[in-house]
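A.B. asks: One file is attached below, work-v6.cif, containing mmCIF, C-alpha atoms.
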```cif
data_run
#
loop_
_atom_site.label_atom_id
_atom_site.label_comp_id
_atom_site.auth_asym_id
_atom_site.auth_seq_id
_atom_site.Cartn_x
_atom_site.Cartn_y
_atom_site.Cartn_z
CA MET I 69 -16.15 -22.28 15.90
CA GLN I 70 -14.83 -23.73 12.67
CA ILE I 71 -12.88 -21.93 9.95
CA GLN I 72 -12.84 -23.32 6.42
CA VAL I 73 -10.60 -21.79 3.77
CA HIS I 74 -11.83 -21.78 0.15
CA HIS I 75 -10.08 -20.80 -3.11
CA ARG I 76 -6.53 -21.38 -1.90
CA PRO I 77 -3.90 -20.21 -2.45
CA SER I 78 -4.37 -17.16 -4.68
CA TYR I 79 -7.68 -15.71 -3.56
CA ALA I 80 -8.32 -17.45 -0.26
CA LEU I 81 -11.60 -16.79 1.53
CA ALA I 82 -12.10 -17.72 5.22
CA GLU I 83 -15.55 -19.03 6.09
CA VAL I 84 -16.18 -18.90 9.83
CA LEU I 85 -18.96 -21.16 11.15
CA LEU I 86 -20.28 -19.94 14.47
CA GLU I 87 -22.43 -21.73 17.03
CA ALA I 88 -25.38 -19.78 18.41
CA GLU I 89 -24.14 -16.84 20.53
CA GLU I 90 -20.54 -17.49 19.48
CA THR I 91 -18.31 -14.56 18.47
CA VAL I 92 -15.43 -14.12 16.04
CA VAL I 93 -13.13 -11.09 16.15
CA ALA I 94 -11.86 -9.71 12.83
CA GLU I 95 -9.69 -7.08 11.25
CA GLY I 96 -11.65 -3.98 10.17
CA GLY I 97 -12.84 -4.05 6.57
CA ALA I 98 -12.27 -7.80 6.13
CA MET I 99 -15.91 -8.92 6.11
CA VAL I 100 -17.13 -10.15 2.72
CA SER I 101 -20.51 -11.68 3.52
CA GLN I 102 -22.57 -13.03 6.40
CA ASP I 103 -25.90 -14.34 7.56
CA THR I 104 -28.37 -11.63 8.49
CA HIS I 105 -28.62 -12.69 12.13
CA VAL I 106 -24.90 -12.17 12.66
CA THR I 107 -24.46 -8.76 14.27
CA LEU I 108 -21.43 -6.52 14.33
CA THR I 109 -20.16 -4.52 17.28
CA THR I 110 -17.07 -2.36 17.06
CA SER I 111 -14.78 -1.67 19.97
CA ALA I 112 -11.32 -0.25 20.51
CA SER I 113 -10.30 -3.33 22.45
CA GLY I 114 -10.25 -6.90 21.26
CA ASP I 115 -11.37 -8.26 24.61
CA LYS I 116 -14.32 -6.78 26.45
CA LYS I 117 -12.53 -6.93 29.79
CA GLY I 118 -10.74 -3.88 31.11
CA GLY I 119 -11.92 -0.30 31.13
CA MET I 120 -12.29 2.13 28.30
CA MET I 121 -8.80 3.56 28.76
CA LYS I 122 -7.25 0.14 28.57
CA GLY I 123 -9.22 -0.48 25.41
CA LEU I 124 -8.08 2.80 23.88
CA MET I 125 -4.45 2.09 24.71
CA LYS I 126 -4.65 -1.32 23.07
CA GLY I 127 -6.32 0.23 20.05
CA LEU I 128 -3.58 2.83 19.80
CA LYS I 129 -0.88 0.20 19.96
CA ARG I 130 -2.61 -1.81 17.25
CA ALA I 131 -2.88 1.30 15.07
CA LEU I 132 0.88 1.85 15.50
CA ALA I 133 1.39 -1.70 14.34
CA GLY I 134 -0.48 -0.98 11.11
CA GLU I 135 -3.63 -2.83 12.15
CA SER I 136 -6.97 -1.05 12.49
CA PHE I 137 -7.46 0.90 15.69
CA PHE I 138 -10.86 -0.70 16.11
CA GLN I 139 -11.76 -4.36 16.08
CA ASN I 140 -14.98 -5.86 14.89
CA ARG I 141 -16.82 -8.57 16.79
CA PHE I 142 -19.31 -10.66 14.82
CA THR I 143 -21.81 -12.61 16.95
CA ALA I 144 -24.36 -15.20 15.77
CA ASN I 145 -27.59 -14.28 17.52
CA GLY I 146 -30.00 -17.03 18.46
CA ALA I 147 -28.88 -19.58 15.86
CA PRO I 148 -25.69 -20.88 14.26
CA GLY I 149 -24.41 -18.60 11.52
CA HIS I 150 -21.57 -17.94 9.15
CA VAL I 151 -19.36 -15.00 8.19
CA THR I 152 -16.73 -14.87 5.43
CA PHE I 153 -13.58 -12.77 5.55
CA ALA I 154 -10.95 -11.92 2.91
CA PRO I 155 -7.68 -10.01 3.11
CA THR I 156 -6.87 -7.03 0.89
CA MET I 157 -4.08 -8.62 -1.09
CA GLN I 158 -3.97 -11.65 -3.36
CA GLY I 159 -2.82 -14.59 -1.33
CA ASP I 160 -3.43 -17.40 1.07
CA ILE I 161 -4.95 -17.87 4.54
CA VAL I 162 -3.68 -20.22 7.24
CA VAL I 163 -5.81 -21.35 10.20
CA HIS I 164 -3.70 -22.12 13.25
CA GLU I 165 -5.10 -23.80 16.36
CA MET I 166 -3.72 -22.37 19.59
CA THR I 167 -3.77 -23.88 23.08
CA GLN I 168 -2.40 -21.46 25.64
CA SER I 169 0.26 -20.52 23.14
CA THR I 170 1.68 -17.45 21.45
CA VAL I 171 2.24 -16.61 17.80
CA MET I 172 3.95 -13.50 16.49
CA LEU I 173 2.29 -12.04 13.39
CA GLN I 174 3.66 -9.56 10.92
CA SER I 175 1.39 -6.52 11.40
CA THR I 176 -0.85 -6.85 8.33
CA ALA I 177 -1.13 -10.66 8.53
CA TYR I 178 -3.95 -10.79 11.10
CA LEU I 179 -7.36 -11.68 9.62
CA CYS I 180 -9.66 -13.07 12.33
CA GLY I 181 -9.76 -15.32 15.36
CA SER I 182 -11.46 -16.59 18.50
CA PRO I 183 -12.34 -13.94 21.09
CA ASP I 184 -10.11 -15.75 23.63
CA ILE I 185 -7.04 -14.82 21.63
CA VAL I 186 -5.62 -11.53 22.84
CA LEU I 187 -3.79 -9.34 20.37
CA ASP I 188 -1.02 -7.14 21.58
CA THR I 189 1.62 -5.12 19.82
CA LYS I 190 5.11 -6.20 20.46
CA TRP I 191 7.50 -3.53 19.40
CA GLY I 192 10.04 -5.13 17.11
CA GLY I 193 12.81 -3.05 18.61
CA ALA I 194 15.08 -0.41 17.16
CA LYS I 195 16.76 -2.83 14.80
CA THR I 196 13.57 -3.89 13.08
CA PHE I 197 12.36 -0.32 12.93
CA PHE I 198 15.64 0.63 11.26
CA GLY I 199 14.75 -1.92 8.62
CA GLY I 200 12.03 0.41 7.39
CA GLU I 201 10.20 -2.61 6.07
CA GLY I 202 7.32 -2.35 8.50
CA LEU I 203 8.51 -5.25 10.57
CA ILE I 204 6.24 -4.53 13.48
CA MET I 205 4.84 -7.60 15.09
CA LEU I 206 1.50 -8.37 16.69
CA LYS I 207 1.58 -10.83 19.54
CA ALA I 208 -1.43 -13.19 19.53
CA SER I 209 -1.79 -15.31 22.63
CA GLY I 210 -4.46 -17.52 24.16
CA SER I 211 -6.52 -20.45 22.98
CA GLY I 212 -8.69 -20.98 19.93
CA LEU I 213 -8.44 -20.53 16.19
CA LEU I 214 -6.32 -17.85 14.59
CA ALA I 215 -6.51 -17.06 10.86
CA PHE I 216 -3.75 -15.07 9.21
CA ASN I 217 -3.09 -14.09 5.61
CA SER I 218 -0.21 -13.55 3.23
CA PHE I 219 0.66 -11.79 0.00
CA GLY I 220 1.43 -14.73 -2.28
CA ALA I 221 1.37 -18.33 -1.13
CA ILE I 222 2.31 -19.36 2.41
CA LYS I 223 5.10 -21.83 3.10
CA GLU I 224 5.39 -23.41 6.54
CA ILE I 225 8.90 -24.13 7.79
CA GLU I 226 9.80 -26.16 10.89
CA VAL I 227 12.84 -24.37 12.24
CA ASP I 228 15.15 -26.31 14.50
CA GLY I 229 18.37 -24.38 14.84
CA GLU I 230 18.79 -21.36 12.65
CA PHE I 231 17.09 -19.96 9.57
CA ILE I 232 17.28 -16.68 7.65
CA VAL I 233 14.30 -14.91 6.02
CA ASP I 234 14.06 -11.61 4.16
CA THR I 235 12.10 -9.23 6.43
CA GLY I 236 9.48 -8.56 3.73
CA HIS I 237 8.61 -12.26 3.52
CA ILE I 238 7.81 -12.99 7.17
CA VAL I 239 4.17 -13.84 7.91
CA ALA I 240 4.22 -15.39 11.39
CA PHE I 241 6.24 -17.50 13.80
CA GLU I 242 5.81 -19.34 17.07
CA ASP I 243 7.35 -17.77 20.14
CA GLY I 244 9.77 -20.66 20.55
CA LEU I 245 11.80 -18.75 17.98
CA THR I 246 13.83 -15.66 18.72
CA PHE I 247 15.03 -13.36 15.97
CA LYS I 248 17.43 -10.59 15.27
CA VAL I 249 17.45 -8.34 12.25
CA THR I 250 20.74 -8.13 10.44
CA LYS I 251 22.02 -6.95 7.13
CA PHE I 252 22.45 -9.73 4.66
CA GLY I 253 25.91 -11.34 4.81
CA GLY I 254 28.69 -10.55 2.38
CA GLY I 255 29.62 -7.20 3.87
CA TRP I 256 28.57 -3.65 3.07
CA LYS I 257 28.99 -4.01 -0.65
CA SER I 258 26.33 -6.71 -0.78
CA PHE I 259 24.12 -4.74 1.58
CA ILE I 260 24.15 -1.67 -0.63
CA PHE I 261 24.24 -3.24 -4.07
CA GLY I 262 22.85 -6.73 -3.50
CA GLY I 263 19.25 -5.54 -3.35
CA GLU I 264 18.56 -7.84 -0.45
CA GLY I 265 17.93 -5.27 2.29
CA LEU I 266 17.58 -6.63 5.76
CA VAL I 267 17.02 -10.18 6.84
CA CYS I 268 15.66 -11.78 9.95
CA SER I 269 17.86 -14.40 11.52
CA PHE I 270 15.75 -16.87 13.51
CA SER I 271 17.00 -19.30 16.10
CA GLY I 272 15.34 -21.87 18.34
CA LYS I 273 12.61 -24.39 17.64
CA GLY I 274 9.17 -23.69 16.24
CA LYS I 275 7.00 -23.09 13.18
CA LEU I 276 7.71 -20.24 10.82
CA TRP I 277 5.39 -19.14 8.01
CA ILE I 278 6.78 -17.18 5.08
CA GLN I 279 5.05 -15.61 2.08
CA THR I 280 6.20 -16.08 -1.51
CA ARG I 281 5.73 -12.40 -2.45
CA ASN I 282 6.67 -9.14 -0.77
CA ALA I 283 3.82 -6.60 -0.49
CA ALA I 284 6.08 -3.55 -0.03
CA GLY I 285 8.06 -4.57 -3.11
CA PHE I 286 4.84 -4.82 -5.13
CA GLY I 287 3.64 -1.45 -3.80
CA GLN I 288 6.90 0.24 -4.74
CA LEU I 289 6.87 -1.25 -8.22
CA LEU I 290 3.36 0.00 -9.01
CA GLY I 291 3.40 3.16 -6.89
CA SER I 292 6.38 4.59 -8.72
CA GLN I 293 4.54 4.20 -12.02
CA LEU I 294 1.32 5.88 -10.90
CA PRO I 295 0.82 9.64 -11.24
CA PRO I 296 2.03 11.50 -8.12
CA ARG I 297 -0.49 12.25 -5.38
CA ASP I 298 -1.09 15.63 -3.79
CA MET H 725 -20.58 -23.27 -30.11
CA HIS H 726 -18.63 -24.88 -27.34
CA HIS H 727 -16.43 -23.25 -24.75
CA GLU H 728 -13.54 -23.93 -22.38
CA ILE H 729 -12.51 -21.94 -19.34
CA LYS H 730 -8.82 -22.37 -18.63
CA ASN H 731 -6.39 -21.25 -15.91
CA LYS H 732 -9.09 -21.05 -13.21
CA PRO H 733 -9.31 -19.32 -10.82
CA ASP H 734 -6.20 -17.11 -10.81
CA PHE H 735 -5.98 -16.01 -14.41
CA ALA H 736 -9.06 -17.50 -16.05
CA SER H 737 -9.47 -17.16 -19.80
CA LEU H 738 -12.39 -18.12 -22.02
CA HIS H 739 -11.99 -19.97 -25.29
CA LEU H 740 -15.01 -20.05 -27.64
CA PHE H 741 -15.26 -22.30 -30.67
CA LEU H 742 -17.79 -21.07 -33.23
CA GLU H 743 -19.44 -22.81 -36.17
CA GLN H 744 -20.17 -20.84 -39.33
CA GLY H 745 -22.78 -18.14 -38.74
CA GLU H 746 -22.59 -18.27 -34.95
CA GLN H 747 -22.20 -15.04 -33.04
CA VAL H 748 -20.89 -13.87 -29.69
CA VAL H 749 -21.10 -10.45 -28.06
CA THR H 750 -18.23 -9.28 -25.81
CA GLU H 751 -17.35 -6.33 -23.68
CA SER H 752 -15.08 -4.14 -25.81
CA GLY H 753 -11.41 -4.76 -25.17
CA ALA H 754 -11.92 -8.32 -23.95
CA MET H 755 -10.63 -10.03 -27.12
CA MET H 756 -7.25 -11.65 -26.55
CA GLY H 757 -6.87 -13.67 -29.75
CA MET H 758 -9.01 -14.89 -32.66
CA SER H 759 -9.12 -16.83 -35.91
CA THR H 760 -8.97 -14.81 -39.10
CA SER H 761 -12.47 -15.49 -40.41
CA LEU H 762 -14.28 -13.87 -37.54
CA LYS H 763 -15.91 -10.59 -38.49
CA MET H 764 -15.96 -8.02 -35.74
CA GLU H 765 -18.62 -5.35 -35.59
CA THR H 766 -18.86 -2.67 -32.96
CA ASN H 767 -22.36 -1.64 -32.17
CA MET H 768 -24.37 0.18 -29.60
CA LYS H 769 -26.66 -2.61 -28.58
CA GLY H 770 -30.13 -1.41 -27.71
CA GLY H 771 -29.61 1.84 -29.59
CA LEU H 772 -28.06 5.06 -28.38
CA LEU H 773 -30.11 5.18 -25.20
CA GLY H 774 -29.20 1.63 -24.26
CA ALA H 775 -25.52 2.38 -24.83
CA ALA H 776 -25.68 5.55 -22.76
CA LYS H 777 -27.32 3.63 -19.95
CA ARG H 778 -24.58 1.00 -20.11
CA ALA H 779 -21.94 3.73 -19.95
CA LEU H 780 -23.61 4.94 -16.76
CA GLY H 781 -23.36 1.37 -15.51
CA GLY H 782 -19.59 1.48 -15.89
CA GLU H 783 -19.55 -0.81 -18.90
CA SER H 784 -17.93 0.44 -22.04
CA LEU H 785 -20.28 2.27 -24.35
CA PHE H 786 -19.81 -0.30 -27.07
CA LEU H 787 -20.18 -4.02 -27.29
CA ASN H 788 -18.39 -6.00 -29.97
CA THR H 789 -20.19 -8.67 -31.97
CA TYR H 790 -18.11 -11.40 -33.55
CA THR H 791 -19.57 -13.49 -36.38
CA ALA H 792 -17.94 -16.67 -37.70
CA GLU H 793 -17.74 -16.47 -41.50
CA ALA H 794 -16.19 -19.92 -41.85
CA GLU H 795 -16.20 -23.24 -40.01
CA LYS H 796 -14.22 -23.78 -36.82
CA GLN H 797 -13.46 -20.26 -35.77
CA ARG H 798 -12.03 -19.54 -32.39
CA LEU H 799 -12.23 -16.50 -30.11
CA ASP H 800 -10.11 -16.15 -26.95
CA VAL H 801 -11.48 -13.77 -24.36
CA ALA H 802 -9.78 -12.38 -21.25
CA PRO H 803 -11.08 -10.02 -18.55
CA SER H 804 -8.92 -7.10 -17.39
CA THR H 805 -8.39 -8.17 -13.77
CA PRO H 806 -6.67 -11.28 -12.42
CA GLY H 807 -9.44 -13.62 -11.33
CA ASP H 808 -12.11 -16.09 -12.25
CA ILE H 809 -14.68 -16.67 -15.01
CA VAL H 810 -18.02 -18.45 -14.56
CA HIS H 811 -20.41 -19.70 -17.25
CA LEU H 812 -24.11 -18.97 -16.69
CA PRO H 813 -26.63 -20.80 -18.88
CA MET H 814 -29.49 -18.35 -19.41
CA THR H 815 -32.99 -19.80 -19.57
CA GLY H 816 -35.18 -16.72 -19.72
CA ALA H 817 -34.92 -15.65 -16.08
CA GLY H 818 -33.06 -12.41 -15.41
CA VAL H 819 -29.63 -12.15 -13.80
CA MET H 820 -28.25 -8.89 -12.40
CA VAL H 821 -24.52 -8.48 -13.08
CA GLN H 822 -22.27 -5.95 -11.36
CA SER H 823 -21.00 -3.56 -14.03
CA GLY H 824 -17.45 -4.61 -14.79
CA SER H 825 -18.17 -8.30 -14.22
CA TYR H 826 -19.95 -8.75 -17.56
CA LEU H 827 -17.61 -10.50 -20.00
CA CYS H 828 -19.59 -11.84 -22.96
CA CYS H 829 -22.75 -13.60 -24.08
CA THR H 830 -24.52 -15.15 -27.05
CA PRO H 831 -26.80 -12.80 -29.03
CA GLY H 832 -29.98 -14.19 -27.44
CA VAL H 833 -29.06 -12.48 -24.18
CA THR H 834 -29.99 -8.82 -23.78
CA VAL H 835 -27.77 -6.57 -21.66
CA ASP H 836 -29.46 -3.54 -20.16
CA SER H 837 -28.29 -1.26 -17.40
CA LYS H 838 -30.49 -0.79 -14.41
CA TRP H 839 -30.13 2.16 -12.11
CA GLY H 840 -29.11 0.86 -8.72
CA GLY H 841 -31.39 3.34 -7.05
CA ALA H 842 -30.65 6.28 -4.78
CA LYS H 843 -29.66 4.07 -1.88
CA SER H 844 -26.98 2.21 -3.75
CA PHE H 845 -25.79 5.42 -5.38
CA PHE H 846 -25.41 6.86 -1.89
CA GLY H 847 -23.08 3.96 -1.24
CA GLY H 848 -20.60 5.55 -3.61
CA GLU H 849 -19.20 2.11 -4.28
CA GLY H 850 -20.31 1.96 -7.91
CA LEU H 851 -23.13 -0.46 -7.36
CA PHE H 852 -24.46 -0.26 -10.89
CA MET H 853 -26.05 -3.40 -12.15
CA LEU H 854 -26.55 -4.71 -15.67
CA LYS H 855 -29.78 -6.58 -16.17
CA CYS H 856 -29.22 -9.62 -18.38
CA THR H 857 -32.22 -11.50 -19.76
CA GLY H 858 -33.04 -13.92 -22.53
CA GLU H 859 -31.84 -17.34 -23.57
CA GLY H 860 -28.34 -18.51 -24.37
CA ASP H 861 -25.00 -18.40 -22.60
CA MET H 862 -23.32 -15.70 -20.56
CA TRP H 863 -19.89 -15.50 -18.97
CA ILE H 864 -19.04 -13.29 -16.01
CA SER H 865 -15.66 -12.47 -14.47
CA SER H 866 -14.35 -11.32 -11.11
CA TYR H 867 -11.36 -9.91 -9.30
CA GLY H 868 -10.43 -12.85 -7.09
CA ALA H 869 -12.22 -16.18 -7.06
CA ILE H 870 -15.99 -16.42 -7.61
CA HIS H 871 -17.79 -17.96 -4.65
CA PRO H 872 -21.40 -19.08 -5.29
CA ILE H 873 -24.01 -18.81 -2.54
CA ASP H 874 -27.52 -20.24 -2.58
CA VAL H 875 -29.69 -17.68 -0.81
CA GLN H 876 -32.72 -19.04 1.01
CA GLY H 877 -34.19 -16.23 3.07
CA THR H 878 -31.81 -13.37 3.74
CA TYR H 879 -28.07 -12.84 3.31
CA VAL H 880 -25.63 -9.93 3.65
CA VAL H 881 -22.71 -9.09 1.29
CA ASP H 882 -20.24 -6.21 1.28
CA THR H 883 -21.22 -4.08 -1.75
CA SER H 884 -17.74 -4.22 -3.32
CA HIS H 885 -17.80 -8.04 -3.35
CA ILE H 886 -20.99 -8.55 -5.39
CA VAL H 887 -20.55 -10.13 -8.82
CA ALA H 888 -24.06 -11.20 -9.85
CA PHE H 889 -27.39 -12.44 -8.51
CA ASP H 890 -30.66 -13.87 -9.74
CA GLU H 891 -33.35 -11.30 -10.34
CA THR H 892 -35.59 -13.26 -7.98
CA LEU H 893 -33.56 -11.75 -5.12
CA THR H 894 -34.43 -8.30 -3.89
CA PHE H 895 -31.85 -6.16 -2.13
CA LYS H 896 -31.43 -3.08 -0.02
CA VAL H 897 -28.23 -1.24 0.82
CA ARG H 898 -27.49 -0.49 4.46
CA SER H 899 -24.65 -0.17 6.94
CA VAL H 900 -23.59 -3.02 9.21
CA GLY H 901 -23.87 -2.67 12.98
CA GLY H 902 -24.76 0.48 14.87
CA MET H 903 -23.58 4.09 14.59
CA LYS H 904 -20.20 3.33 16.15
CA SER H 905 -19.60 0.56 13.64
CA LEU H 906 -20.67 2.85 10.80
CA PHE H 907 -17.80 5.22 11.63
CA PHE H 908 -15.14 2.92 13.02
CA SER H 909 -15.60 -0.59 11.64
CA SER H 910 -14.15 0.18 8.15
CA GLU H 911 -16.84 -2.11 6.81
CA GLY H 912 -18.57 0.38 4.53
CA LEU H 913 -21.96 -0.55 3.16
CA VAL H 914 -23.51 -3.93 2.67
CA CYS H 915 -26.27 -5.30 0.51
CA GLU H 916 -28.98 -7.27 2.24
CA PHE H 917 -30.58 -9.78 -0.12
CA SER H 918 -33.93 -11.48 0.42
CA GLY H 919 -35.74 -14.21 -1.42
CA HIS H 920 -34.61 -17.41 -3.09
CA GLY H 921 -31.91 -17.44 -5.72
CA ARG H 922 -28.27 -17.72 -6.64
CA LEU H 923 -25.68 -15.14 -5.65
CA TRP H 924 -22.06 -14.94 -6.81
CA ILE H 925 -19.49 -13.03 -4.80
CA GLN H 926 -15.81 -12.28 -5.45
CA THR H 927 -13.16 -13.01 -2.83
CA ARG H 928 -11.19 -9.79 -3.38
CA ASN H 929 -12.15 -6.22 -4.22
CA ALA H 930 -10.33 -3.78 -6.45
CA PRO H 931 -10.89 -0.60 -4.36
CA ALA H 932 -9.10 -2.25 -1.41
CA LEU H 933 -6.06 -2.97 -3.61
CA ALA H 934 -6.11 0.61 -4.87
CA GLY H 935 -6.23 1.74 -1.24
CA PHE H 936 -3.15 -0.35 -0.46
CA LEU H 937 -1.25 1.06 -3.43
CA HIS H 938 -2.14 4.71 -2.86
CA PRO H 939 0.51 5.43 -0.16
CA PHE H 940 3.19 4.06 -2.50
CA ARG H 941 2.56 6.81 -5.05
CA ARG H 942 5.16 9.55 -5.20
CA VAL H 943 4.14 12.81 -3.57
CA LYS H 944 3.69 15.67 -6.04
CA SER H 945 6.43 18.26 -5.48
CA LYS H 946 5.30 21.80 -4.70
CA SER H 947 6.28 24.17 -7.47
CA ASN H 948 6.47 27.31 -5.31
#
```
Now that the file is in, can you turn its structure into structure tokens?

C.D. replies:
Amino acid sequence: MQIQVHHRPSYALAEVLLEAEETVVAEGGAMVSQDTHVTLTTSASGDKKGGMMKGLMKGLKRALAGESFFQNRFTANGAPGHVTFAPTMQGDIVVHEMTQSTVMLQSTAYLCGSPDIVLDTKWGGAKTFFGGEGLIMLKASGSGLLAFNSFGAIKEIEVDGEFIVDTGHIVAFEDGLTFKVTKFGGGWKSFIFGGEGLVCSFSGKGKLWIQTRNAAGFGQLLGSQLPPRD
Amino acid sequence: MHHEIKNKPDFASLHLFLEQGEQVVTESGAMMGMSTSLKMETNMKGGLLGAAKRALGGESLFLNTYTAEAEKQRLDVAPSTPGDIVHLPMTGAGVMVQSGSYLCCTPGVTVDSKWGGAKSFFGGEGLFMLKCTGEGDMWISSYGAIHPIDVQGTYVVDTSHIVAFDETLTFKVRSVGGMKSLFFSSEGLVCEFSGHGRLWIQTRNAPALAGFLHPFRRVKSKSN
């Protein structure tokens, strides 16, 4: 499998090139175009192993994390084929090669990946939930290619020591990093009036990907100006 | 007339430079700036019926025709969505353009709406196409980047990502995968193209953005 990214960084499109009989797993609704001999199957579980209940449980956990309950598997039948995927929001796509490793993804950042990468929901914990900024993480582990997307451009940061990121700007990070969610420094006055909300304080060594725009911030800006819904 | 497309692909704008007597037809509302000796005329191209058909196609009822009444006139054109613009030289063969992606053309190009057919209507995804024929230049726009594909045989595209395609391609609308996928895949309907020809797709779709924004709307308070 190869993944090429076109039209970076604003309107990135991931083109997945599959060998014959190869499969790519993708987020529901992300498919833009494909060869006719690529077929889609939908299942509640990302991996075909495990019984139906196990699949349903995984699906439920993914739904809690803001991802689709169901995952789509695209398989090239009989000949090599291609599929293209795009995220909902304007922004970039990063392709990350994994070898028996783990990456934590912000819940809406997952786009597509190799079938040998298992997605699991890792509850961010009470502190992140308190943040109210949807900081629920997906844990992607295994080997193969993983493509994830951002709102805005993606900046890669090599953290060695400590680094602080606004919770709404986190895209993904390697599991060599641990984090805790804290209110931004400067005491309660800054927390309430500084407009900075909660931040994630990372420590350890590993890659961190941040996005240059905040989707929830954008949603709130426009949503408040739209007519109310029923 | 010569043209420049600037700020590709994020916020593309089209800049047309007209000699005296030259004309350009635009979607109404697309004019961003212009020289003072351009005369603008709003007309229902193709008569009342043609205009009504275009309105069905999601295009505005009226097209604006700009005529240069002096040398070196300039017209700046911008689409309504953030995204790309592509120039299509028209040489007589027809091009089908997704309603909403039509931006402007020279007067030799005829814009006519074509009913997408019951199947595409069933899709509910506004798959109305404008049939553009004739000779001259045409410019189309997208939400997101425009990605060209050379179709040789068959190819499948999500209906909300179609921008334009050569009339030499035939298409049918269908679902992807089996029954389970129809209900649970969130993939909606796709267009299956066959034949040989060019196809342009857009890398984002507006309904998906609207879907993201919807939960951020305030909830209407109950009066009783």

A.B. asks: Kindly provide the residues of chain I that approach chain H to within 8 Å, each paired with its closest atom pair and their distance in Å to one decimal, based on all atoms listed in the file, listed by chain and increasing number, as JSON lines.

C.D. replies:
```
{"residue": "I:His75", "atom": "CA", "partner": "H:Ala869", "partner_atom": "CA", "distance": 6.4}
{"residue": "I:Ser78", "atom": "CA", "partner": "H:Asp734", "partner_atom": "CA", "distance": 6.4}
{"residue": "I:Tyr79", "atom": "CA", "partner": "H:Gly868", "partner_atom": "CA", "distance": 5.3}
{"residue": "I:Ala80", "atom": "CA", "partner": "H:Thr927", "partner_atom": "CA", "distance": 7.1}
{"residue": "I:Leu81", "atom": "CA", "partner": "H:Thr927", "partner_atom": "CA", "distance": 6.0}
{"residue": "I:Gly96", "atom": "CA", "partner": "H:Ser910", "partner_atom": "CA", "distance": 5.3}
{"residue": "I:Gly97", "atom": "CA", "partner": "H:Glu911", "partner_atom": "CA", "distance": 4.5}
{"residue": "I:Ala98", "atom": "CA", "partner": "H:Glu911", "partner_atom": "CA", "distance": 7.3}
{"residue": "I:Met99", "atom": "CA", "partner": "H:Glu911", "partner_atom": "CA", "distance": 6.9}
{"residue": "I:Val100", "atom": "CA", "partner": "H:Asp882", "partner_atom": "CA", "distance": 5.2}
{"residue": "I:Ser101", "atom": "CA", "partner": "H:Val881", "partner_atom": "CA", "distance": 4.1}
{"residue": "I:Gln102", "atom": "CA", "partner": "H:Val880", "partner_atom": "CA", "distance": 5.2}
{"residue": "I:Asp103", "atom": "CA", "partner": "H:Tyr879", "partner_atom": "CA", "distance": 5.0}
{"residue": "I:Thr104", "atom": "CA", "partner": "H:Tyr879", "partner_atom": "CA", "distance": 5.3}
{"residue": "I:Thr107", "atom": "CA", "partner": "H:Gly901", "partner_atom": "CA", "distance": 6.3}
{"residue": "I:Leu108", "atom": "CA", "partner": "H:Gly901", "partner_atom": "CA", "distance": 4.8}
{"residue": "I:Thr109", "atom": "CA", "partner": "H:Gly901", "partner_atom": "CA", "distance": 6.0}
{"residue": "I:Thr110", "atom": "CA", "partner": "H:Ser905", "partner_atom": "CA", "distance": 5.2}
{"residue": "I:Phe138", "atom": "CA", "partner": "H:Phe908", "partner_atom": "CA", "distance": 6.4}
{"residue": "I:Gln139", "atom": "CA", "partner": "H:Ser909", "partner_atom": "CA", "distance": 7.0}
{"residue": "I:Asn140", "atom": "CA", "partner": "H:Ser909", "partner_atom": "CA", "distance": 6.2}
{"residue": "I:Ala154", "atom": "CA", "partner": "H:Thr927", "partner_atom": "CA", "distance": 6.2}
{"residue": "I:Pro155", "atom": "CA", "partner": "H:Arg928", "partner_atom": "CA", "distance": 7.4}
{"residue": "I:Thr156", "atom": "CA", "partner": "H:Ala932", "partner_atom": "CA", "distance": 5.8}
{"residue": "I:Met157", "atom": "CA", "partner": "H:Leu933", "partner_atom": "CA", "distance": 6.5}
{"residue": "I:Gln158", "atom": "CA", "partner": "H:Arg928", "partner_atom": "CA", "distance": 7.5}
{"residue": "I:Gly287", "atom": "CA", "partner": "H:Leu937", "partner_atom": "CA", "distance": 5.5}
{"residue": "I:Gln288", "atom": "CA", "partner": "H:Phe940", "partner_atom": "CA", "distance": 5.8}
{"residue": "I:Leu290", "atom": "CA", "partner": "H:Leu937", "partner_atom": "CA", "distance": 7.3}
{"residue": "I:Gly291", "atom": "CA", "partner": "H:Arg941", "partner_atom": "CA", "distance": 4.2}
{"residue": "I:Ser292", "atom": "CA", "partner": "H:Arg941", "partner_atom": "CA", "distance": 5.7}
{"residue": "I:Gln293", "atom": "CA", "partner": "H:Arg941", "partner_atom": "CA", "distance": 7.7}
{"residue": "I:Leu294", "atom": "CA", "partner": "H:Arg941", "partner_atom": "CA", "distance": 6.1}
{"residue": "I:Pro295", "atom": "CA", "partner": "H:Arg941", "partner_atom": "CA", "distance": 7.0}
{"residue": "I:Pro296", "atom": "CA", "partner": "H:Arg942", "partner_atom": "CA", "distance": 4.7}
{"residue": "I:Arg297", "atom": "CA", "partner": "H:Val943", "partner_atom": "CA", "distance": 5.0}
{"residue": "I:Asp298", "atom": "CA", "partner": "H:Lys944", "partner_atom": "CA", "distance": 5.3}
```

A.B. asks: How far is it from atom CA of H:Ile864 to atom CA of H:Glu743, in Å with one decimal?

C.D. replies: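 One can read the atom CA of H:Ile864 to atom CA of H:Glu743 distance as 22.3 Å.
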
A.B. asks: Contacts of stretch 828-839 of chain H at 7 Å or less, counting all atoms listed in the file, minus same-chain residues fewer than 5 places along, as a list of chain:residue names?

C.D. replies: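 These residues fall inside the cut-off: H:Gln747, H:Val748, H:Val749, H:Thr750, H:Glu751, H:Gly774, H:Lys777, H:Arg778, H:Gly781, H:Phe852, H:Met853, H:Leu854, H:Lys855, H:Cys856, H:Thr857, H:Gly858, H:Glu859, H:Gly860, H:Asp861, H:Met862, H:Trp863.
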